[in-house]
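Asks: Have a peek at entry37.txt (compact mmCIF, C-alpha atoms).
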# COMPACT_ATOMS: atom_id res chain seq x y z
CA MET A 1 58.94 112.80 140.64
CA LEU A 2 61.83 114.86 139.76
CA LEU A 3 63.73 113.77 136.76
CA ARG A 4 67.45 114.12 136.92
CA SER A 5 69.33 114.74 133.77
CA PHE A 6 72.15 112.37 132.96
CA ARG A 7 75.48 114.14 132.98
CA ARG A 8 78.63 112.66 131.69
CA PHE A 9 81.45 112.90 134.22
CA ARG A 10 84.96 113.03 132.87
CA PRO A 11 87.58 111.51 135.17
CA LEU A 12 90.35 113.82 136.30
CA GLN A 13 93.47 113.64 134.12
CA GLN A 14 96.48 112.17 136.04
CA GLY A 15 100.22 111.48 135.19
CA PHE A 16 102.52 112.89 132.53
CA SER A 17 102.36 112.89 128.84
CA LEU A 18 104.87 110.97 126.74
CA ILE A 19 106.63 114.19 125.78
CA GLU A 20 106.99 115.19 129.40
CA MET A 21 108.40 111.78 130.25
CA LEU A 22 110.96 111.98 127.44
CA VAL A 23 112.06 115.43 128.54
CA ALA A 24 112.39 114.24 132.16
CA VAL A 25 114.38 111.17 131.12
CA MET A 26 116.68 113.34 129.01
CA PHE A 27 117.39 115.70 131.90
CA ILE A 28 117.93 112.80 134.31
CA GLY A 29 120.34 111.24 131.82
CA ILE A 30 122.27 114.48 131.47
CA LEU A 31 122.41 114.90 135.25
CA THR A 32 123.48 111.28 135.76
CA ALA A 33 126.18 111.55 133.11
CA GLY A 34 127.49 114.70 134.76
CA MET A 35 127.51 113.05 138.18
CA LEU A 36 129.28 109.99 136.80
CA ARG A 37 131.84 112.22 135.14
CA VAL A 38 132.47 114.09 138.39
CA TYR A 39 132.69 110.77 140.26
CA SER A 40 135.07 109.34 137.68
CA ALA A 41 137.26 112.46 137.84
CA ASN A 42 137.28 112.34 141.65
CA LEU A 43 138.10 108.62 141.61
CA ALA A 44 140.90 109.18 139.10
CA GLY A 45 142.23 112.04 141.23
CA PHE A 46 142.10 109.87 144.32
CA GLN A 47 143.97 107.10 142.53
CA ARG A 48 146.63 109.54 141.30
CA VAL A 49 147.10 110.97 144.78
CA ASN A 50 147.27 107.47 146.25
CA ASP A 51 149.80 106.39 143.63
CA THR A 52 151.85 109.53 144.25
CA ILE A 53 151.88 108.98 148.01
CA SER A 54 152.79 105.30 147.56
CA SER A 55 155.57 106.18 145.13
CA GLN A 56 156.98 108.81 147.47
CA ARG A 57 156.79 106.40 150.38
CA ARG A 58 158.80 103.81 148.46
CA GLY A 59 161.40 106.40 147.57
CA ARG A 60 161.69 107.58 151.17
CA TRP A 61 162.04 104.03 152.42
CA ALA A 62 164.80 103.34 149.91
CA LEU A 63 166.65 106.53 150.81
CA ALA A 64 166.31 105.87 154.55
CA SER A 65 167.99 102.48 154.13
CA LEU A 66 170.66 103.97 151.91
CA GLN A 67 171.35 106.75 154.38
CA ASP A 68 172.07 104.33 157.23
CA ASP A 69 174.46 102.25 155.15
CA VAL A 70 176.18 104.99 153.16
CA ALA A 71 176.82 107.03 156.31
CA SER A 72 178.86 104.05 157.56
CA ILE A 73 180.98 103.57 154.44
CA GLY A 74 184.64 103.38 155.40
CA TYR A 75 184.01 102.00 158.88
CA PHE A 76 186.90 99.73 159.81
CA ALA A 77 186.81 98.64 163.43
CA TYR A 78 190.13 96.89 163.42
CA VAL A 79 192.81 98.41 161.27
CA GLY A 80 195.22 95.63 162.11
CA PHE A 81 193.00 93.02 160.49
CA ASN A 82 192.40 95.23 157.46
CA ASN A 83 195.89 96.53 157.06
CA PRO A 84 196.32 98.11 153.60
CA ALA A 85 200.10 97.64 153.77
CA GLY A 86 199.49 93.90 154.07
CA GLY A 87 198.17 93.78 150.52
CA ASN A 88 194.71 92.79 151.64
CA PHE A 89 192.92 95.01 149.12
CA SER A 90 193.28 95.49 145.38
CA VAL A 91 193.00 98.82 143.57
CA ALA A 92 193.84 97.65 140.05
CA ALA A 93 191.33 98.36 137.30
CA GLY A 94 188.88 95.49 136.88
CA THR A 95 189.31 94.14 140.42
CA GLN A 96 187.11 94.50 143.49
CA GLU A 97 188.20 97.96 144.61
CA PRO A 98 187.21 99.06 148.13
CA PHE A 99 184.94 101.80 146.74
CA MET A 100 183.33 101.91 143.31
CA ILE A 101 180.50 103.67 141.48
CA LEU A 102 179.57 101.71 138.36
CA PRO A 103 177.59 103.84 135.88
CA GLY A 104 174.82 101.71 134.39
CA PRO A 105 176.80 98.45 134.15
CA SER A 106 173.89 96.46 132.72
CA ALA A 107 170.29 96.81 131.58
CA VAL A 108 167.40 95.80 133.84
CA THR A 109 164.83 93.87 131.81
CA LEU A 110 161.28 93.51 133.15
CA THR A 111 158.21 91.50 132.21
CA GLY A 112 154.86 93.14 132.89
CA LEU A 113 151.86 95.01 131.54
CA ASN A 114 152.18 96.82 128.24
CA PRO A 115 151.35 100.50 128.87
CA ALA A 116 150.25 100.87 125.26
CA SER A 117 147.74 98.05 125.75
CA PRO A 118 147.16 97.42 129.48
CA ALA A 119 144.58 94.69 128.81
CA GLY A 120 146.84 92.85 126.35
CA ALA A 121 149.54 90.23 126.78
CA LEU A 122 152.61 90.75 128.98
CA VAL A 123 155.68 92.26 127.35
CA THR A 124 159.39 92.08 128.16
CA ALA A 125 161.45 95.25 127.84
CA PRO A 126 164.41 96.98 129.53
CA LEU A 127 164.12 100.09 131.67
CA ALA A 128 164.56 103.34 129.78
CA THR A 129 167.90 104.02 131.49
CA ASN A 130 170.44 101.66 133.01
CA PRO A 131 170.71 102.18 136.80
CA ASP A 132 174.02 102.64 138.57
CA GLU A 133 175.60 100.35 141.13
CA LEU A 134 177.31 101.31 144.38
CA GLN A 135 179.87 98.90 145.85
CA TYR A 136 182.00 99.51 148.92
CA LEU A 137 184.03 97.76 151.59
CA SER A 138 183.54 98.10 155.35
CA ASP A 139 183.31 96.17 158.60
CA LEU A 140 179.86 95.23 159.88
CA SER A 141 178.85 95.52 163.50
CA LEU A 142 176.97 92.35 164.52
CA PRO A 143 173.80 92.62 166.65
CA ILE A 144 175.22 90.74 169.65
CA GLN A 145 175.63 92.22 173.12
CA ALA A 146 177.60 90.40 175.80
CA ASN A 147 179.83 90.96 178.82
CA LEU A 148 183.11 89.21 179.55
CA ALA A 149 183.14 86.39 182.13
CA ASN A 150 186.69 85.14 181.57
CA VAL A 151 189.46 85.22 178.97
CA THR A 152 192.38 82.90 178.33
CA THR A 153 194.69 82.25 175.42
CA ALA A 154 192.16 79.67 174.24
CA GLY A 155 189.17 81.98 174.09
CA LEU A 156 186.47 83.80 176.01
CA THR A 157 183.51 82.86 178.13
CA LEU A 158 180.79 85.48 178.29
CA ASN A 159 177.36 86.44 179.55
CA LEU A 160 175.09 86.91 176.54
CA GLN A 161 172.61 89.79 176.83
CA SER A 162 171.05 89.89 173.38
CA GLY A 163 171.52 88.30 169.99
CA SER A 164 172.78 84.81 169.30
CA LEU A 165 176.29 83.40 169.03
CA ALA A 166 174.91 81.19 166.25
CA ASP A 167 175.14 84.29 164.03
CA LEU A 168 178.94 84.29 164.33
CA LYS A 169 181.12 82.79 161.62
CA ALA A 170 184.74 81.73 161.55
CA GLY A 171 186.78 84.85 160.78
CA ASP A 172 184.53 87.25 162.70
CA ILE A 173 186.15 89.41 165.37
CA VAL A 174 185.44 89.87 169.06
CA ALA A 175 186.91 92.82 170.93
CA ILE A 176 187.25 93.42 174.67
CA LEU A 177 186.36 97.06 175.20
CA ASP A 178 188.41 98.17 178.18
CA GLY A 179 191.70 99.94 178.80
CA ASN A 180 193.58 96.76 177.84
CA PHE A 181 191.77 96.62 174.52
CA GLU A 182 192.23 93.23 172.93
CA GLN A 183 190.80 91.57 169.84
CA PHE A 184 190.57 88.03 168.56
CA ILE A 185 189.69 86.35 165.31
CA ILE A 186 186.96 83.81 166.07
CA ALA A 187 187.36 80.15 165.19
CA SER A 188 183.97 79.00 166.51
CA ALA A 189 181.29 79.90 169.04
CA SER A 190 178.66 77.95 170.94
CA GLY A 191 176.80 78.19 174.22
CA ASN A 192 178.53 80.99 176.12
CA THR A 193 182.03 80.38 174.75
CA VAL A 194 183.95 81.95 171.89
CA VAL A 195 186.98 79.97 170.72
CA ALA A 196 189.78 82.14 169.36
CA ASP A 197 191.82 81.31 166.29
CA LEU A 198 195.16 82.25 167.82
CA ASN A 199 197.21 81.47 164.74
CA ALA A 200 195.11 83.76 162.55
CA THR A 201 195.06 86.40 165.26
CA VAL A 202 198.84 86.39 165.64
CA ILE A 203 199.31 86.54 161.86
CA ALA A 204 196.96 89.51 161.58
CA GLN A 205 198.74 91.09 164.50
CA ALA A 206 202.11 90.69 162.79
CA VAL A 207 200.81 92.10 159.51
CA GLY A 208 199.80 95.32 161.15
CA GLY A 209 197.77 94.96 164.32
CA VAL A 210 198.32 98.44 165.70
CA TYR A 211 196.53 97.76 168.98
CA GLN A 212 197.82 94.38 170.10
CA VAL A 213 201.47 94.27 171.07
CA THR A 214 201.34 91.24 173.40
CA THR A 215 200.39 87.60 172.98
CA PRO A 216 196.59 87.40 172.58
CA GLY A 217 194.83 86.40 175.75
CA THR A 218 197.60 87.40 178.17
CA LYS A 219 196.24 90.82 179.13
CA ALA A 220 194.26 91.32 182.33
CA HIS A 221 190.57 92.22 181.91
CA LEU A 222 187.79 93.00 184.37
CA VAL A 223 184.83 90.66 184.57
CA GLY A 224 181.78 92.37 183.10
CA THR A 225 183.71 94.31 180.46
CA PRO A 226 181.49 94.77 177.38
CA LEU A 227 182.35 92.87 174.21
CA ALA A 228 181.82 93.90 170.59
CA PHE A 229 181.46 91.59 167.61
CA TYR A 230 182.28 92.50 164.01
CA ARG A 231 182.49 90.92 160.58
CA PRO A 232 185.56 92.36 158.81
CA SER A 233 185.99 93.22 155.15
CA VAL A 234 182.44 92.91 153.87
CA VAL A 235 181.60 94.11 150.36
CA THR A 236 178.17 95.70 150.05
CA ARG A 237 176.46 96.16 146.70
CA TYR A 238 173.39 98.30 145.97
CA SER A 239 171.76 97.74 142.58
CA LEU A 240 168.40 97.47 140.81
CA GLN A 241 167.27 94.00 139.85
CA PRO A 242 164.04 92.48 138.52
CA ARG A 243 162.16 90.43 141.10
CA SER A 244 158.99 88.33 140.87
CA TRP A 245 156.60 89.97 143.30
CA ASP A 246 153.18 88.53 142.35
CA PRO A 247 152.67 84.98 143.71
CA SER A 248 149.71 84.49 141.37
CA ASN A 249 151.84 85.24 138.30
CA PRO A 250 155.60 84.74 138.80
CA ALA A 251 156.20 85.78 135.19
CA ILE A 252 155.60 89.42 136.16
CA THR A 253 158.75 91.13 137.44
CA ILE A 254 159.22 94.58 138.95
CA PRO A 255 162.37 96.64 139.51
CA CYS A 256 163.63 96.50 143.10
CA LEU A 257 166.46 98.22 144.92
CA VAL A 258 168.41 95.36 146.49
CA ARG A 259 171.38 94.98 148.80
CA GLN A 260 173.88 92.14 148.68
CA GLN A 261 176.77 91.53 151.07
CA THR A 262 179.64 89.08 150.86
CA ALA A 263 183.19 88.66 152.10
CA TYR A 264 185.94 90.53 150.27
CA PRO A 265 187.51 88.00 147.87
CA VAL A 266 191.02 86.76 148.51
CA GLY A 267 193.37 88.53 146.14
CA GLY A 268 190.83 91.21 145.29
CA ALA A 269 189.22 89.47 142.32
CA ALA A 270 185.94 91.03 141.22
CA VAL A 271 183.03 89.57 143.16
CA GLY A 272 180.74 87.27 141.20
CA TRP A 273 177.39 88.38 142.56
CA ALA A 274 175.39 85.49 141.11
CA GLY A 275 174.27 83.35 144.02
CA VAL A 276 174.94 85.99 146.68
CA PRO A 277 171.75 86.35 148.80
CA ILE A 278 169.54 89.31 147.89
CA GLU A 279 167.79 91.58 150.37
CA VAL A 280 165.03 93.66 148.81
CA ILE A 281 165.17 97.21 150.21
CA ALA A 282 162.28 98.72 148.22
CA GLU A 283 160.12 97.59 145.32
CA ASN A 284 159.12 99.52 142.22
CA ILE A 285 162.34 101.55 142.12
CA GLU A 286 163.22 102.08 138.47
CA GLY A 287 166.04 104.62 138.74
CA PHE A 288 169.22 104.68 140.83
CA ARG A 289 172.03 107.14 140.17
CA VAL A 290 175.09 107.75 142.34
CA ASP A 291 177.43 110.74 142.20
CA LEU A 292 180.13 112.28 144.37
CA SER A 293 181.57 115.71 145.01
CA PHE A 294 184.69 116.99 146.73
CA ASP A 295 183.60 120.63 146.91
CA GLY A 296 180.35 120.51 148.84
CA GLY A 297 178.15 119.81 145.85
CA LYS A 298 179.42 122.52 143.51
CA THR A 299 180.90 119.97 141.12
CA TRP A 300 179.65 116.41 140.60
CA LEU A 301 181.98 113.88 138.99
CA ARG A 302 179.60 111.19 137.75
CA ALA A 303 177.83 113.09 134.95
CA GLY A 304 178.72 111.73 131.52
CA ALA A 305 181.26 109.20 132.81
CA ALA A 306 181.13 105.94 130.88
CA ASP A 307 182.62 103.77 133.62
CA TRP A 308 184.46 103.75 136.93
CA ASN A 309 187.79 104.31 135.18
CA ALA A 310 186.55 107.66 133.89
CA ILE A 311 185.32 108.62 137.36
CA VAL A 312 188.73 107.71 138.84
CA GLY A 313 190.36 110.15 136.41
CA ARG A 314 187.98 112.90 137.48
CA ILE A 315 188.64 112.12 141.15
CA THR A 316 192.36 112.53 140.54
CA ASN A 317 191.81 115.96 139.02
CA ALA A 318 189.38 117.00 141.75
CA LEU A 319 191.82 116.04 144.49
CA ALA A 320 194.56 118.22 143.04
CA SER A 321 193.34 121.01 145.32
CA TYR A 322 194.21 118.77 148.28
CA GLY A 323 197.76 118.41 147.06
CA ALA A 324 197.20 114.81 145.98
CA THR A 325 199.36 113.38 143.21
CA GLY A 326 199.15 110.33 140.99
CA THR A 327 195.90 108.36 141.10
CA PRO A 328 194.68 108.55 144.69
CA ALA A 329 191.75 106.26 143.94
CA ARG A 330 194.16 103.53 142.87
CA ASP A 331 197.12 103.86 145.20
CA PRO A 332 198.31 100.38 146.28
CA ASN A 333 199.85 101.96 149.37
CA ASN A 334 196.52 103.48 150.33
CA PRO A 335 193.62 101.50 148.86
CA LEU A 336 191.29 103.03 151.44
CA TRP A 337 191.86 106.45 149.86
CA PHE A 338 188.21 107.44 150.19
CA ARG A 339 188.59 107.76 153.96
CA ASN A 340 191.14 110.55 153.49
CA TYR A 341 188.75 113.14 152.09
CA PRO A 342 185.45 114.57 153.38
CA PHE A 343 183.52 114.21 150.13
CA MET A 344 179.78 113.98 149.58
CA ILE A 345 177.80 111.18 147.97
CA ARG A 346 174.57 111.96 146.13
CA MET A 347 171.94 109.32 145.34
CA ASP A 348 168.92 109.92 143.09
CA VAL A 349 166.14 107.34 143.39
CA VAL A 350 163.21 107.16 140.95
CA SER A 351 160.21 105.34 142.39
CA ARG A 352 157.03 104.47 140.54
CA SER A 353 153.47 103.41 141.29
CA ALA A 354 152.55 99.74 141.58
CA ALA A 355 150.64 99.60 138.27
CA PRO A 356 150.19 101.76 135.15
CA ARG A 357 146.88 103.61 134.87
CA ALA A 358 145.21 105.39 132.00
CA GLU A 359 144.63 108.50 134.10
CA SER A 360 148.39 108.79 134.66
CA SER A 361 149.14 108.97 130.93
CA ASN A 362 148.99 111.94 128.58
CA ILE A 363 148.24 109.65 125.64
CA VAL A 364 144.67 108.48 125.06
CA GLY A 365 144.36 104.71 125.15
CA GLN A 366 147.65 104.19 126.96
CA ALA A 367 148.57 103.78 130.61
CA ASP A 368 151.58 105.01 132.54
CA TYR A 369 153.13 104.96 135.99
CA VAL A 370 153.27 107.80 138.48
CA ARG A 371 156.97 108.51 139.03
CA ARG A 372 158.77 110.53 141.66
CA THR A 373 162.48 111.37 141.88
CA GLN A 374 163.97 111.93 145.32
CA THR A 375 167.53 112.85 146.21
CA LEU A 376 169.70 112.06 149.22
CA MET A 377 173.11 113.59 149.90
CA VAL A 378 175.30 112.03 152.57
CA SER A 379 178.76 112.81 153.90
CA PRO A 380 179.90 109.48 155.42
CA ARG A 381 180.93 109.96 159.00
CA ASN A 382 184.18 108.02 158.54
CA PHE A 383 185.45 110.09 155.62
CA GLY A 384 188.14 112.65 156.29
CA PHE A 385 189.86 110.38 158.84
CA PRO A 386 192.71 108.50 157.14
CA LEU A 387 193.71 105.15 158.61
Written as structure tokens, how would this file's structure read?

Replies:
Amino acid sequence: MLLRSFRRFRPLQQGFSLIEMLVAVMFIGILTAGMLRVYSANLAGFQRVNDTISSQRRGRWALASLQDDVASIGYFAYVGFNNPAGGNFSVAAGTQEPFMILPGPSAVTLTGLNPASPAGALVTAPLATNPDELQYLSDLSLPIQANLANVTTAGLTLNLQSGSLADLKAGDIVAILDGNFEQFIIASASGNTVVADLNATVIAQAVGGVYQVTTPGTKAHLVGTPLAFYRPSVVTRYSLQPRSWDPSNPAITIPCLVRQQTAYPVGGAAVGWAGVPIEVIAENIEGFRVDLSFDGGKTWLRAGAADWNAIVGRITNALASYGATGTPARDPNNPLWFRNYPFMIRMDVVSRSAAPRAESSNIVGQADYVRRTQTLMVSPRNFGFPL
């Protein structure tokens, strides 16, 4: 029998040593930290780009709305019903003048996150600079399309194509747009009938209705003639105001560019804007500055002016080259002076991101908004054509 010697077999060594594991974990940690840092930087960059795009979009939206309205400043469809010689408008200091730029009339105070401590309690503070206000007078075209069916001294019957006669108010104007152009002040409207206020129409005609020279409703008109509807002497105000925009926390307010419109006050007293309905044009707009120039943008008259009175003085000096004398912005015989000259209006809008972020701030531990300033310059189409 063969004897076999006993040999001790050593199992093969498998796995890593503790030192190898520690080294591997260290390298994985370094790699992971680097990847997280790259991801965080990319995420922060994405957020900044998104905030920038959103801010620019808000600014563009605000300027687009402003452009449509400002281009129509000075539009008066019916001079007879807005006759300056009739004393309808006031140009005295402190009254509701037909055109005004008010440099920072009041501070806009907001309640929101504290950039120095974004996770802390809400704070209330004013904007860094007081925004301007733009106020002006014009007639508004109403979104109603209709054709004439019949007209008498009592009123008009019509065929409505679009819009609603329910949008009409007493004092609005309807015009028959044919060769025998005729216009009426509206007393009421319902169904397919507009009732004319003949007394008011005749009075306006006597004050200075340059188109109507016969008794209203006595001219001949063709059936099917288009009609136009207007609201005369409307004051429009653009301003920045704080608005509650978060339904979950009404205490938070953000700055919004808003538009308000109301009838020109009898006697020209300054409009009390409290209670006048507000239309939000764009949110998160924290800067609004208005300027004007009579020389194509070479010289701007708003800079450094404390109030509208100071701007009026600069307008007077600027218009000297046109041969103007006195105070053309406050001439009781021509309160619609701004229509006489082809000047340019400049509007600077500062928009901001929806929320402050740490990555948008240059100070460690603080947050800030992404802000963008955009400028619009408009030459109103009705300027340079005196009434």

Asks: Against region 128-145 of chain A, which residues of region 252-341 of chain A fall within 8 Å? For each one I want the closest pair of atoms and the distance in Å (one decimal), counting only C-alpha atoms, rows by chain and increasing residue number, as JSON lines.

Replies:
{"residue": "A:Tyr264", "atom": "CA", "partner": "A:Leu137", "partner_atom": "CA", "distance": 7.6}
{"residue": "A:Glu286", "atom": "CA", "partner": "A:Pro131", "partner_atom": "CA", "distance": 7.7}
{"residue": "A:Gly287", "atom": "CA", "partner": "A:Pro131", "partner_atom": "CA", "distance": 5.6}
{"residue": "A:Phe288", "atom": "CA", "partner": "A:Pro131", "partner_atom": "CA", "distance": 5.0}
{"residue": "A:Arg289", "atom": "CA", "partner": "A:Asp132", "partner_atom": "CA", "distance": 5.2}
{"residue": "A:Val290", "atom": "CA", "partner": "A:Asp132", "partner_atom": "CA", "distance": 6.4}

Asks: Go ahead and compute the interatomic distance for CA of Ala93 (chain A) and CA of Ile278 (chain A), in Å to one decimal.

Replies: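 Between CA of Ala93 (chain A) and CA of Ile278 (chain A) the gap is 25.9 Å.
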
Asks: If you measure from CA of Asp348 (chain A) to CA of Ile101 (chain A), what distance in Å do you get, rounded to one decimal?

Replies: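 These two atoms are separated by 13.3 Å.
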
Asks: Which residues of region 82-166 of chain A have any atom within 10 Å of an atom in region 360-372 of chain A when counting all atoms listed in the file, and what is the closest pair of atoms for each, with the distance in Å to one decimal? Order the rows by chain and rising number and write it as CSV.

Replies:
residue,atom,partner,partner_atom,distance
A:Leu113,CA,A:Ala367,CA,9.4
A:Asn114,CA,A:Ala367,CA,8.2
A:Pro115,CA,A:Ala367,CA,4.6
A:Ala116,CA,A:Gln366,CA,4.5
A:Ser117,CA,A:Gln366,CA,6.3
A:Pro118,CA,A:Ala367,CA,6.6

Asks: Env of Tyr341 (chain A): 12 Å cut, atoms = only C-alpha atoms, seq-sep filter 4 positions within chain, self excluded. Answer as a PyMOL selection string.

Replies: chain A and resi 74+292-296+315+318-324+328-329+336-337+345+379-387

Asks: Within 10 Å of Thr52 (chain A), counting all atoms listed in the file, which residues qualify if same-chain residues fewer than 3 places away don't, as a list in words?

Replies: Phe46, Gln47, Arg48, Val49, Ser55, Gln56, Arg57, Arg58, Ser351, Arg352, Ser353, Tyr369, Val370, Arg371 and Arg372 of chain A

Asks: Which one of A:Ala355, A:Val234, A:Glu20, A:Ile73 sits closest to Ile252 (chain A) if you count only C-alpha atoms?

Replies: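 Under the stated criterion, the closest residue is A:Ala355.
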
Asks: Using only C-alpha atoms, which residues sit within 9 Å of Pro277 (chain A) once same-chain residues fewer than 6 positions away are excluded, as a list in words?

Replies: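 Residues meeting the cut-off are Arg259, Gln260, Gln261 and Thr262 of chain A.
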